[in-house]
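Undergrad: The following block contains the structure, expressed as structure tokens.
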Amino acid sequence: MEIKQTKIELFLFTFCYVSNFFVLIILSLYSSQPAIELFKFIQIIAFIIVCLFFLKKINKLIAFIFSNIIYFFYLILITFLILTQTKLSFSFLSRNIQDINSILFYYTWLIILLLIISIINSKAFYNFQKKINKQKIYLILCLIIVIPWWLPSKYNNELFYFINNIYKKDNIINYYEENTRQQLIQTLIQNKANIITQAQNIDTKNLPSYLDNIIILQLESLNSFLINEQNTPNWLAIAKQGILFPKFYSNSVETIFGQEALLCSLPVSFYSNLSTSKEDKKIICLPEIFKHLKYKTFFFKTYNLNFAKTGLFMKNLQFDEVHADDIMKEKDPKYLWGYREDIFFERMFDFFKKNKQPNKNFLFIEIGPTNHWPFLTPSNLKNKVPYKLPKKHQEKLINTTFLQDKYLKIALTKINDVFPNKNYTLFILSDHGWPAEIHKNNVFNKKNSFEENFLSSMIVIFGNHHQTKNKIINTKYSQMDLIPSIMDLFKIDYPANNFSSSFVSEINDKTINNSTMILIQPFSDKYLNLIKENLKHQYNATSQKILLYNLTKDPLEKNPQTIGDNQPTNLKIIKELLN
């Protein structure tokens, strides 16, 4: 019996040693700092053993289960780090928790493997803890756990970073939330009745023909730095039919955030979204305005409407028709993030033609499967992309950007088939940018806050309006500028603020944009970016510093100037920029 027990313990010890050594090697190779990774790893082991010491006095089973949960979650955290090259924050998990099944399904076997490793290691830790009898050892372990909280963040392991992210608040972020953003929301609520009255009083029969139908075609993850003849030939060809905005910012880093900016002209919250806070029912956004202009409104999406509660959000914004899977057929080709664009366009425009009004339609189309993270080229298309054997993230992103661009040509053909008289205004833009390794290891858009994380592009086509063809506007605009511009076209007086403006004036060769752009990175370190006249002020909630970039002299953001490194100074600077 003792021999059998010894063999089990030997297996547990060997498995624990080998698996953890393997994890440590991977982390060391990833960070190139083996000493720091060893220290962080010892923190986790110390934390688990100390927890076992206290919890087993309550219940041995509870102690084992708890240690298993902690170690399993730690493995999830470091797996996320390796896959995305950024730490998993509580804010990211909490905002995407309702969609976790969709994400984890793609990694089912990896999750099962991590769970098995966790169970075996937890048993080994439990057996090891039973052999510790000296109180001095527990004192040392407690010091290993506590000391890193006073050290720079790089010494905190992924689990402690996640825990710290749960309760950590920031007075500058809170000022933005409670003053700037809430003030913008209150302005929309207070002006709702006035905007509705203006819309109802407009004689839509006397509008120019290009306002008969308004179309927003939202692409996925289009990065302005990658737009060129090789990667996006159709984008550049289509741009000649209208106006190209080469520097068009997404105001944040997720699809649903982009839609809040596009449809409601609001910057996003660091903590929630309009649907979660129920504010989407109180404010007035683009679909409701079009409803009072007597337009029929349509929202179509290539992916499940339950993801990010998109369907609920669009219904709360008062779209007449909200559709995704229900218009597709059983055997239609489907990728991880939705139905392939060509077949989706066929089904969607067939449905739209049957259900639209003769005139006065507002159509919002969201597509996403081809150019979506993790940017994998379908096997049957690998011979048609620029990089047959992509070696790095940028090449993979270029491949899927190229494929999305091929489908874009199909979309425009379908639009012109539905509207042969070209009595439409078409906005083609992206939900957000996606980093393309312009900066080293910047490959995931929930990390960092560089221009490449936000900067995309936009095309506007005013039907057959020849005066606006083959025009380029190099002034920077953002998604929040869309509603003021559309309202300008309809001569509706929309409430002004410091963070959005109409680009119609510049199209007509009049005034140019002088607003301050807000770019929000709510994940990772939490960044608040404010850009005006090519000066970018960037507040980092983790370092609690404000950096100033001169984007004219330093377009790649390599030489920032620190202008604030304490909270009183930081708050004063941010208040001046926001007010």
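Here, A, B, ... name the chains of the structure tokens in the order displayed, residue numbers run from 1 inside each chain, and ligands are numbered from 1 in the same displayed order.
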Please identify all polymer residues within 12 Å of A:Ile518, counting only C-alpha atoms, omitting same-chain residues fewer than 6 positions from it, and present them as a PDB file with C-alpha atoms, in the first residue's frame.
TA:
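Output file part_4.pdb follows:
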```pdb
ATOM      1  CA  TYR A 176     -14.672  61.617 -17.370  1.00  0.00           C
ATOM      2  CA  THR A 180     -18.086  64.528 -19.516  1.00  0.00           C
ATOM      3  CA  ARG A 181     -19.902  61.378 -20.618  1.00  0.00           C
ATOM      4  CA  TYR A 249     -10.951  57.316 -35.994  1.00  0.00           C
ATOM      5  CA  SER A 250     -12.916  54.676 -34.200  1.00  0.00           C
ATOM      6  CA  ASN A 251     -13.637  56.058 -30.739  1.00  0.00           C
ATOM      7  CA  SER A 252     -12.940  52.749 -29.016  1.00  0.00           C
ATOM      8  CA  ALA A 261     -20.400  56.226 -31.337  1.00  0.00           C
ATOM      9  CA  SER A 265     -22.529  60.096 -31.156  1.00  0.00           C
ATOM     10  CA  LEU A 266     -21.349  59.129 -27.689  1.00  0.00           C
ATOM     11  CA  PRO A 267     -17.922  58.094 -26.405  1.00  0.00           C
ATOM     12  CA  VAL A 268     -18.009  54.807 -24.524  1.00  0.00           C
ATOM     13  CA  SER A 269     -17.871  54.173 -20.818  1.00  0.00           C
ATOM     14  CA  SER A 449      -3.565  52.948 -27.223  1.00  0.00           C
ATOM     15  CA  PHE A 454      -7.926  53.426 -33.526  1.00  0.00           C
ATOM     16  CA  TYR A 477     -12.703  62.905 -38.032  1.00  0.00           C
ATOM     17  CA  SER A 478     -14.200  60.188 -35.812  1.00  0.00           C
ATOM     18  CA  GLN A 479     -17.263  57.969 -35.587  1.00  0.00           C
ATOM     19  CA  MET A 480     -18.894  60.523 -33.291  1.00  0.00           C
ATOM     20  CA  ASP A 481     -18.967  62.957 -36.225  1.00  0.00           C
ATOM     21  CA  ASN A 497     -20.388  69.666 -28.104  1.00  0.00           C
ATOM     22  CA  ASN A 498     -16.591  69.801 -27.960  1.00  0.00           C
ATOM     23  CA  PHE A 499     -16.117  66.256 -29.239  1.00  0.00           C
ATOM     24  CA  SER A 500     -17.992  65.978 -32.514  1.00  0.00           C
ATOM     25  CA  TYR A 527      -6.288  54.888 -21.549  1.00  0.00           C
ATOM     26  CA  LEU A 528      -8.091  58.168 -22.131  1.00  0.00           C
ATOM     27  CA  ASN A 529      -6.843  59.866 -25.321  1.00  0.00           C
ATOM     28  CA  LEU A 530      -7.751  63.413 -26.313  1.00  0.00           C
ATOM     29  CA  ILE A 531      -6.598  64.681 -29.722  1.00  0.00           C
ATOM     30  CA  LYS A 532      -6.832  68.234 -30.995  1.00  0.00           C
ATOM     31  CA  LYS A 536      -2.492  63.848 -28.542  1.00  0.00           C
ATOM     32  CA  HIS A 537      -2.824  63.840 -24.766  1.00  0.00           C
ATOM     33  CA  GLN A 538      -2.864  60.312 -23.399  1.00  0.00           C
ATOM     34  CA  TYR A 539      -3.720  59.433 -19.815  1.00  0.00           C
ATOM     35  CA  ILE A 574      -7.674  66.564 -18.194  1.00  0.00           C
ATOM     36  CA  LEU A 577      -9.004  69.374 -22.167  1.00  0.00           C
ATOM     37  CA  LEU A 578     -12.515  68.061 -21.515  1.00  0.00           C
TER      38      LEU A 578
END
```
Undergrad: Name all residues at most 10 Å from stretch 463-473 of chain A (count only C-alpha atoms; drop same-chain ones fewer than 3 positions away) and give them as JSON, numbers by chain.
TA: {"A": [208, 209, 210, 211, 212, 213, 237, 238, 239, 240, 241, 242, 243, 244, 245, 246, 247, 248, 416, 419, 420, 421, 422, 423, 424, 425, 426, 459, 460, 476, 477, 503, 506, 507, 508, 512]}
Undergrad: With only C-alpha atoms as the basis for distance, which of A:Lys56, A:Lys356, A:His372, A:Lys446 is at the shortest distance from A:Lys396?
TA: A:His372
Undergrad: Smallest atom-to-atom distance to A:Ser275: which of A:Ile415, A:Leu263, A:Ala193, A:Ala308, using only C-alpha atoms?
TA: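 Of A:Ile415, A:Leu263, A:Ala193, A:Ala308, the one nearest A:Ser275, counting only C-alpha atoms, is A:Ala308.
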Undergrad: Name the residues of stretch 330-398 of chain A that come out as helix (DSSP H, G or I) in a backbone DSSP run; write them as a PyMOL selection string.
TA: chain A and resi 341-355+379-381+393-398
